[in-house]
>>> print(open('input02.csv').read())   # CSV, C-alpha atoms
chain,number,residue,atom,x,y,z
A,7,PHE,CA,-0.3,-17.4,-15.8
A,8,GLU,CA,-2.4,-14.6,-14.3
A,9,SER,CA,0.6,-13.2,-12.4
A,10,GLU,CA,2.5,-12.9,-15.7
A,11,ILE,CA,-0.4,-11.0,-17.3
A,12,TYR,CA,-0.7,-8.7,-14.2
A,13,GLN,CA,3.0,-8.0,-14.3
A,14,TRP,CA,2.8,-7.1,-17.9
A,15,TRP,CA,-0.1,-4.7,-17.2
A,16,GLU,CA,1.8,-3.1,-14.4
A,17,ASN,CA,5.1,-2.8,-16.4
A,18,ALA,CA,3.1,-1.3,-19.3
A,19,GLY,CA,1.7,1.4,-17.0
A,20,CYS,CA,-1.9,0.2,-17.5
A,21,PHE,CA,-2.9,1.3,-14.0
A,22,GLN,CA,-1.6,4.8,-14.2
A,23,PRO,CA,-4.0,7.7,-14.7
A,24,ASP,CA,-2.7,8.6,-18.1
A,25,ALA,CA,-2.3,5.0,-19.3
A,26,LYS,CA,-2.7,5.5,-23.0
A,27,GLN,CA,-6.1,7.1,-22.5
A,28,LYS,CA,-7.5,10.0,-24.2
A,29,GLN,CA,-9.6,12.0,-21.8
A,30,GLN,CA,-13.1,12.7,-23.0
A,31,PRO,CA,-14.0,16.4,-23.2
A,32,GLY,CA,-15.5,17.5,-19.9
A,33,GLU,CA,-14.5,14.3,-18.1
A,34,LYS,CA,-12.9,14.8,-14.7
A,35,PRO,CA,-10.3,12.4,-13.3
A,36,TYR,CA,-11.6,9.6,-11.0
A,37,VAL,CA,-9.5,9.3,-7.8
A,38,LEU,CA,-9.8,6.5,-5.2
A,39,PRO,CA,-7.5,6.6,-2.1
A,40,MET,CA,-7.0,3.1,-0.9
A,41,PRO,CA,-7.8,2.6,2.8
A,42,PRO,CA,-4.3,1.6,3.9
A,43,PRO,CA,-3.9,-1.8,5.4
A,44,ASN,CA,-1.5,-2.0,8.5
A,45,VAL,CA,2.0,-3.1,7.8
A,46,THR,CA,1.7,-5.6,10.7
A,47,GLY,CA,-0.9,-7.9,9.4
A,48,ARG,CA,-2.1,-10.0,6.5
A,49,LEU,CA,-5.0,-9.3,4.3
A,50,HIS,CA,-8.4,-10.6,5.4
A,51,MET,CA,-11.9,-10.8,3.9
A,52,GLY,CA,-12.6,-7.2,4.6
A,53,HIS,CA,-9.6,-6.2,2.6
A,54,ALA,CA,-10.6,-8.5,-0.2
A,55,MET,CA,-14.1,-6.8,-0.2
A,56,PHE,CA,-12.8,-3.3,-0.5
A,57,VAL,CA,-10.2,-4.2,-3.1
A,58,ALA,CA,-12.9,-5.9,-5.2
A,59,LEU,CA,-15.2,-3.0,-5.0
A,60,GLN,CA,-12.6,-0.3,-5.6
A,61,ASP,CA,-11.1,-2.3,-8.5
A,62,VAL,CA,-14.5,-2.6,-10.1
A,63,LEU,CA,-15.0,1.1,-9.8
A,64,ALA,CA,-11.5,1.9,-11.2
A,65,ARG,CA,-11.8,-0.4,-14.2
A,66,PHE,CA,-15.4,0.8,-14.9
A,67,HIS,CA,-14.2,4.4,-15.1
A,68,ARG,CA,-11.1,3.5,-17.1
A,69,MET,CA,-13.3,1.7,-19.7
A,70,ARG,CA,-15.4,4.8,-19.9
A,71,GLY,CA,-12.3,6.9,-20.9
A,72,ARG,CA,-11.7,8.7,-17.6
A,73,PRO,CA,-8.2,9.0,-16.2
A,74,VAL,CA,-8.3,6.9,-13.0
A,75,LEU,CA,-5.9,7.2,-10.0
A,76,TRP,CA,-6.3,4.4,-7.5
A,77,LEU,CA,-3.7,5.5,-4.9
A,78,PRO,CA,-2.3,2.6,-2.8
A,79,GLY,CA,-0.5,2.7,0.5
A,80,THR,CA,0.1,1.1,3.9
A,81,ASP,CA,-0.4,2.4,7.4
A,82,HIS,CA,2.4,2.5,10.0
A,83,ALA,CA,0.2,0.9,12.8
A,84,GLY,CA,2.7,2.3,15.4
A,85,ILE,CA,1.7,0.5,18.5
A,86,ALA,CA,1.0,-2.8,16.7
A,87,THR,CA,4.3,-2.6,14.9
A,88,GLN,CA,6.2,-1.8,18.1
A,89,LEU,CA,4.6,-4.8,19.8
A,90,GLN,CA,5.5,-7.1,16.9
A,91,VAL,CA,9.2,-6.0,16.9
A,92,GLU,CA,9.3,-6.3,20.7
A,93,LYS,CA,8.1,-9.9,20.4
A,94,LEU,CA,10.9,-10.6,17.9
A,95,LEU,CA,13.5,-9.1,20.2
A,96,LEU,CA,12.2,-11.2,23.1
A,97,ALA,CA,12.5,-14.3,21.0
A,98,GLU,CA,16.2,-13.3,20.6
A,99,GLY,CA,16.5,-12.9,24.3
A,100,THR,CA,16.7,-9.1,24.4
A,101,THR,CA,14.5,-6.0,24.8
A,102,ARG,CA,14.1,-2.7,23.0
A,103,GLU,CA,15.7,-1.0,26.0
A,104,GLU,CA,18.8,-3.2,25.7
A,105,VAL,CA,19.2,-2.7,22.0
A,106,GLY,CA,18.8,1.1,22.3
A,107,ARG,CA,16.7,3.6,20.3
A,108,GLU,CA,18.6,3.6,17.1
A,109,GLU,CA,18.8,-0.2,16.7
A,110,PHE,CA,15.1,-0.5,17.7
A,111,LEU,CA,14.1,2.0,15.0
A,112,ARG,CA,16.3,0.2,12.4
A,113,ARG,CA,14.5,-3.0,13.3
A,114,VAL,CA,11.1,-1.3,13.0
A,115,TRP,CA,11.9,-0.1,9.5
A,116,GLU,CA,13.2,-3.5,8.6
A,117,TYR,CA,10.0,-5.1,9.9
A,118,LYS,CA,8.0,-2.6,7.9
A,119,GLU,CA,9.9,-3.4,4.7
A,120,ASP,CA,9.3,-7.1,5.1
A,121,GLN,CA,5.6,-7.0,6.2
A,122,GLY,CA,4.5,-4.1,4.1
A,123,GLY,CA,6.0,-5.8,1.0
A,124,GLN,CA,3.9,-9.0,1.8
A,125,ILE,CA,0.7,-7.0,2.0
A,126,THR,CA,1.2,-5.2,-1.3
A,127,HIS,CA,2.1,-8.5,-2.9
A,128,GLN,CA,-1.2,-9.9,-1.6
A,129,LEU,CA,-3.1,-6.9,-3.0
A,130,ARG,CA,-1.4,-7.5,-6.4
A,131,SER,CA,-2.3,-11.2,-6.2
A,132,LEU,CA,-6.0,-10.1,-5.8
A,133,GLY,CA,-5.5,-8.2,-9.1
A,134,ALA,CA,-5.8,-4.7,-7.6
A,135,SER,CA,-5.3,-2.3,-10.5
A,136,ALA,CA,-3.8,0.5,-8.3
A,137,ASP,CA,-1.1,2.8,-9.5
A,138,TRP,CA,1.8,1.2,-7.7
A,139,THR,CA,4.2,3.8,-8.9
A,140,ARG,CA,2.6,6.2,-6.4
A,141,GLU,CA,2.4,3.8,-3.4
A,142,ARG,CA,2.5,5.7,-0.1
A,143,PHE,CA,3.4,4.8,3.5
A,144,THR,CA,2.0,7.0,6.3
A,145,MET,CA,5.5,7.6,7.7
A,146,ASP,CA,7.0,8.8,4.3
A,147,LYS,CA,8.8,12.1,4.8
A,148,ASP,CA,6.4,14.2,2.9
A,149,LEU,CA,3.4,12.6,4.7
A,150,SER,CA,4.9,12.4,8.2
A,151,GLU,CA,4.3,16.1,8.9
A,152,ALA,CA,0.5,15.6,8.4
A,153,VAL,CA,0.7,12.3,10.4
A,154,SER,CA,2.5,14.0,13.2
A,155,GLU,CA,0.0,16.8,13.3
A,156,ALA,CA,-2.9,14.3,13.5
A,157,PHE,CA,-1.5,11.8,15.9
A,158,VAL,CA,1.2,13.4,18.0
>>> encode(input="input02.csv", output="structure tokens")
Amino acid sequence: FESEIYQWWENAGCFQPDAKQKQQPGEKPYVLPMPPPNVTGRLHMGHAMFVALQDVLARFHRMRGRPVLWLPGTDHAGIATQLQVEKLLLAEGTTREEVGREEFLRRVWEYKEDQGGQITHQLRSLGASADWTRERFTMDKDLSEAVSEAFV
């Protein structure tokens, strides 16, 4: 029942900053960047705590008439992701060196799609009213330049 209501809210654009709201004169938008969970894991109590707190803030400011952007995303967790994919390859009886760079990268992106999707599904199950139309990943093309500058 709740998942049907949540899906209706999401489809209706209720979590977007301009979601049928009239901005009050002098009101500034309220923006919350979501601390991105890693694509390699599952959500835990710490995630549930920040989601609950940020969701309360987002809904509070929406109810007061402010346009709210709660920006969701996931983090690449490079080393952890590499280790997880290498474990999968070992279970298949091969290594990243044997499959080669291109195949290994393809497998990493495949892993990210599978695991990242599970994490955002879990966030939605918690009722997170983030603007999922703007979901980001730290290795997205327009973000990777900043990521490369910071981490490489």
>>> atom_distance(input="input02.csv", atom1="CA of Phe143 (chain A)", atom2="CA of His82 (chain A)")
7.0 Å
>>> closest_residue(input="input02.csv", among="A:Ser135, A:Asn44, A:Ser9, A:Gln124", to="Leu59 (chain A)", atoms="all atoms listed in the file")
A:Ser135
>>> closest_residue(input="input02.csv", among="A:Pro39, A:His50, A:Arg102, A:Ala58", to="Gly133 (chain A)", atoms="all atoms listed in the file")
A:Ala58
>>> closest_residue(input="input02.csv", among="A:Gln121, A:Thr144, A:Gln22, A:Gln88", to="Arg48 (chain A)", atoms="only C-alpha atoms")
A:Gln121
>>> atom_distance(input="input02.csv", atom1="CA of Glu104 (chain A)", atom2="CA of Asp146 (chain A)")
27.2 Å
>>> atom_distance(input="input02.csv", atom1="CA of His67 (chain A)", atom2="CA of Gly123 (chain A)")
27.8 Å
>>> residues_around(input="input02.csv", residues="Val57 (chain A)", least_positions_apart="5", cutoff="10 Å", atoms="all atoms listed in the file", output="ChimeraX atom specification")
/A:40-41,51-52,62-63,129-130,132-136
>>> residues_around(input="input02.csv", residues="region 108-114 of chain A", least_positions_apart="3", cutoff="10 Å", atoms="all atoms listed in the file", output="PyMOL selection string")
chain A and resi 82+84+87-88+90-92+94-95+101-105+117-120
>>> write_last_selection(input="input02.csv", atoms="C-alpha atoms", output="JSON list (two decimals), in the coordinates of the input")
[["chain", "number", "residue", "atom", "x", "y", "z"],
["A", 82, "HIS", "CA", 2.40, 2.50, 10.00],
["A", 84, "GLY", "CA", 2.70, 2.30, 15.40],
["A", 87, "THR", "CA", 4.30, -2.60, 14.90],
["A", 88, "GLN", "CA", 6.20, -1.80, 18.10],
["A", 90, "GLN", "CA", 5.50, -7.10, 16.90],
["A", 91, "VAL", "CA", 9.20, -6.00, 16.90],
["A", 92, "GLU", "CA", 9.30, -6.30, 20.70],
["A", 94, "LEU", "CA", 10.90, -10.60, 17.90],
["A", 95, "LEU", "CA", 13.50, -9.10, 20.20],
["A", 101, "THR", "CA", 14.50, -6.00, 24.80],
["A", 102, "ARG", "CA", 14.10, -2.70, 23.00],
["A", 103, "GLU", "CA", 15.70, -1.00, 26.00],
["A", 104, "GLU", "CA", 18.80, -3.20, 25.70],
["A", 105, "VAL", "CA", 19.20, -2.70, 22.00],
["A", 117, "TYR", "CA", 10.00, -5.10, 9.90],
["A", 118, "LYS", "CA", 8.00, -2.60, 7.90],
["A", 119, "GLU", "CA", 9.90, -3.40, 4.70],
["A", 120, "ASP", "CA", 9.30, -7.10, 5.10]]
>>> closest_residue(input="input02.csv", among="A:Glu98, A:Asp81, A:Glu33, A:Glu116", to="Arg142 (chain A)", atoms="all atoms listed in the file")
A:Asp81
>>> residues_around(input="input02.csv", residues="Asp137 (chain A)", least_positions_apart="2", cutoff="8 Å", atoms="all atoms listed in the file", output="list in words")
Phe21, Gln22, Pro23, Leu75, Trp76, Leu77, Pro78, Ser135, Thr139, Arg140 and Glu141 of chain A
>>> closest_residue(input="input02.csv", among="A:Cys20, A:Trp115, A:Gly32, A:Gly99", to="Met69 (chain A)", atoms="only C-alpha atoms")
A:Cys20
>>> closest_residue(input="input02.csv", among="A:Trp138, A:Ala54, A:Arg72, A:Tyr36", to="Thr126 (chain A)", atoms="only C-alpha atoms")
A:Trp138
>>> build_atoms(input="input02.csv", residues="region 12-23 of chain A", atoms="all heavy atoms", output="mmCIF file, keeping the file's coordinate frame")
data_model
loop_
_atom_site.group_PDB
_atom_site.id
_atom_site.type_symbol
_atom_site.label_atom_id
_atom_site.label_comp_id
_atom_site.auth_asym_id
_atom_site.auth_seq_id
_atom_site.Cartn_x
_atom_site.Cartn_y
_atom_site.Cartn_z
ATOM 1 N N TYR A 12 -0.648 -9.889 -15.099
ATOM 2 C CA TYR A 12 -0.700 -8.700 -14.200
ATOM 3 C C TYR A 12 0.607 -7.966 -14.235
ATOM 4 O O TYR A 12 0.605 -6.743 -14.308
ATOM 5 C CB TYR A 12 -1.008 -9.208 -12.753
ATOM 6 C CG TYR A 12 -1.164 -8.058 -11.796
ATOM 7 C CD1 TYR A 12 -2.411 -7.504 -11.565
ATOM 8 C CD2 TYR A 12 -0.062 -7.518 -11.138
ATOM 9 C CE1 TYR A 12 -2.565 -6.435 -10.704
ATOM 10 C CE2 TYR A 12 -0.206 -6.445 -10.282
ATOM 11 C CZ TYR A 12 -1.459 -5.910 -10.063
ATOM 12 O OH TYR A 12 -1.599 -4.842 -9.218
ATOM 13 N N GLN A 13 1.719 -8.683 -14.207
ATOM 14 C CA GLN A 13 3.000 -8.000 -14.300
ATOM 15 C C GLN A 13 3.195 -7.261 -15.564
ATOM 16 O O GLN A 13 3.730 -6.151 -15.572
ATOM 17 C CB GLN A 13 4.149 -9.070 -14.100
ATOM 18 C CG GLN A 13 5.519 -8.457 -13.909
ATOM 19 C CD GLN A 13 5.598 -7.643 -12.627
ATOM 20 O OE1 GLN A 13 5.264 -8.118 -11.554
ATOM 21 N NE2 GLN A 13 6.040 -6.397 -12.742
ATOM 22 N N TRP A 14 2.721 -7.816 -16.658
ATOM 23 C CA TRP A 14 2.800 -7.100 -17.900
ATOM 24 C C TRP A 14 1.973 -5.837 -17.892
ATOM 25 O O TRP A 14 2.409 -4.788 -18.337
ATOM 26 C CB TRP A 14 2.306 -8.031 -19.065
ATOM 27 C CG TRP A 14 2.425 -7.390 -20.407
ATOM 28 C CD1 TRP A 14 3.526 -7.357 -21.217
ATOM 29 C CD2 TRP A 14 1.411 -6.645 -21.093
ATOM 30 N NE1 TRP A 14 3.251 -6.649 -22.362
ATOM 31 C CE2 TRP A 14 1.961 -6.197 -22.308
ATOM 32 C CE3 TRP A 14 0.103 -6.321 -20.794
ATOM 33 C CZ2 TRP A 14 1.236 -5.437 -23.218
ATOM 34 C CZ3 TRP A 14 -0.620 -5.569 -21.712
ATOM 35 C CH2 TRP A 14 -0.040 -5.142 -22.905
ATOM 36 N N TRP A 15 0.747 -5.914 -17.341
ATOM 37 C CA TRP A 15 -0.100 -4.700 -17.200
ATOM 38 C C TRP A 15 0.598 -3.651 -16.383
ATOM 39 O O TRP A 15 0.618 -2.480 -16.737
ATOM 40 C CB TRP A 15 -1.417 -5.061 -16.524
ATOM 41 C CG TRP A 15 -2.422 -5.811 -17.333
ATOM 42 C CD1 TRP A 15 -2.447 -5.950 -18.699
ATOM 43 C CD2 TRP A 15 -3.545 -6.520 -16.835
ATOM 44 N NE1 TRP A 15 -3.522 -6.702 -19.072
ATOM 45 C CE2 TRP A 15 -4.228 -7.068 -17.947
ATOM 46 C CE3 TRP A 15 -4.056 -6.758 -15.564
ATOM 47 C CZ2 TRP A 15 -5.378 -7.825 -17.816
ATOM 48 C CZ3 TRP A 15 -5.209 -7.505 -15.435
ATOM 49 C CH2 TRP A 15 -5.854 -8.035 -16.544
ATOM 50 N N GLU A 16 1.165 -4.086 -15.252
ATOM 51 C CA GLU A 16 1.800 -3.100 -14.400
ATOM 52 C C GLU A 16 3.048 -2.499 -15.053
ATOM 53 O O GLU A 16 3.220 -1.278 -15.020
ATOM 54 C CB GLU A 16 2.263 -3.813 -13.062
ATOM 55 C CG GLU A 16 2.688 -2.840 -11.993
ATOM 56 C CD GLU A 16 2.953 -3.507 -10.654
ATOM 57 O OE1 GLU A 16 2.422 -4.604 -10.384
ATOM 58 O OE2 GLU A 16 3.714 -2.916 -9.873
ATOM 59 N N ASN A 17 3.875 -3.300 -15.706
ATOM 60 C CA ASN A 17 5.100 -2.800 -16.400
ATOM 61 C C ASN A 17 4.692 -1.864 -17.557
ATOM 62 O O ASN A 17 5.425 -0.922 -17.866
ATOM 63 C CB ASN A 17 5.924 -3.942 -16.919
ATOM 64 C CG ASN A 17 6.578 -4.709 -15.798
ATOM 65 O OD1 ASN A 17 6.703 -4.233 -14.672
ATOM 66 N ND2 ASN A 17 6.995 -5.932 -16.094
ATOM 67 N N ALA A 18 3.556 -2.134 -18.194
ATOM 68 C CA ALA A 18 3.100 -1.300 -19.300
ATOM 69 C C ALA A 18 2.454 -0.005 -18.863
ATOM 70 O O ALA A 18 2.108 0.834 -19.694
ATOM 71 C CB ALA A 18 2.147 -2.102 -20.190
ATOM 72 N N GLY A 19 2.281 0.163 -17.552
ATOM 73 C CA GLY A 19 1.700 1.400 -17.000
ATOM 74 C C GLY A 19 0.168 1.436 -17.178
ATOM 75 O O GLY A 19 -0.429 2.519 -17.150
ATOM 76 N N CYS A 20 -0.455 0.286 -17.291
ATOM 77 C CA CYS A 20 -1.900 0.200 -17.500
ATOM 78 C C CYS A 20 -2.723 0.780 -16.337
ATOM 79 O O CYS A 20 -3.887 1.138 -16.506
ATOM 80 C CB CYS A 20 -2.367 -1.178 -17.817
ATOM 81 S SG CYS A 20 -1.725 -1.805 -19.379
ATOM 82 N N PHE A 21 -2.127 0.837 -15.146
ATOM 83 C CA PHE A 21 -2.900 1.300 -14.000
ATOM 84 C C PHE A 21 -2.623 2.739 -13.640
ATOM 85 O O PHE A 21 -3.107 3.241 -12.633
ATOM 86 C CB PHE A 21 -2.510 0.417 -12.761
ATOM 87 C CG PHE A 21 -2.677 -1.067 -12.980
ATOM 88 C CD1 PHE A 21 -1.820 -1.962 -12.372
ATOM 89 C CD2 PHE A 21 -3.686 -1.575 -13.794
ATOM 90 C CE1 PHE A 21 -1.972 -3.327 -12.550
ATOM 91 C CE2 PHE A 21 -3.836 -2.937 -13.989
ATOM 92 C CZ PHE A 21 -2.978 -3.816 -13.359
ATOM 93 N N GLN A 22 -1.854 3.422 -14.455
ATOM 94 C CA GLN A 22 -1.600 4.800 -14.200
ATOM 95 C C GLN A 22 -2.644 5.706 -14.838
ATOM 96 O O GLN A 22 -3.252 5.324 -15.840
ATOM 97 C CB GLN A 22 -0.177 5.175 -14.756
ATOM 98 C CG GLN A 22 0.910 4.415 -14.019
ATOM 99 C CD GLN A 22 2.274 4.586 -14.646
ATOM 100 O OE1 GLN A 22 2.464 5.404 -15.530
ATOM 101 N NE2 GLN A 22 3.222 3.800 -14.177
ATOM 102 N N PRO A 23 -2.903 6.889 -14.249
ATOM 103 C CA PRO A 23 -4.000 7.700 -14.700
ATOM 104 C C PRO A 23 -3.964 8.097 -16.194
ATOM 105 O O PRO A 23 -4.994 8.247 -16.827
ATOM 106 C CB PRO A 23 -3.919 8.978 -13.860
ATOM 107 C CG PRO A 23 -3.136 8.580 -12.680
ATOM 108 C CD PRO A 23 -2.230 7.471 -13.112
#
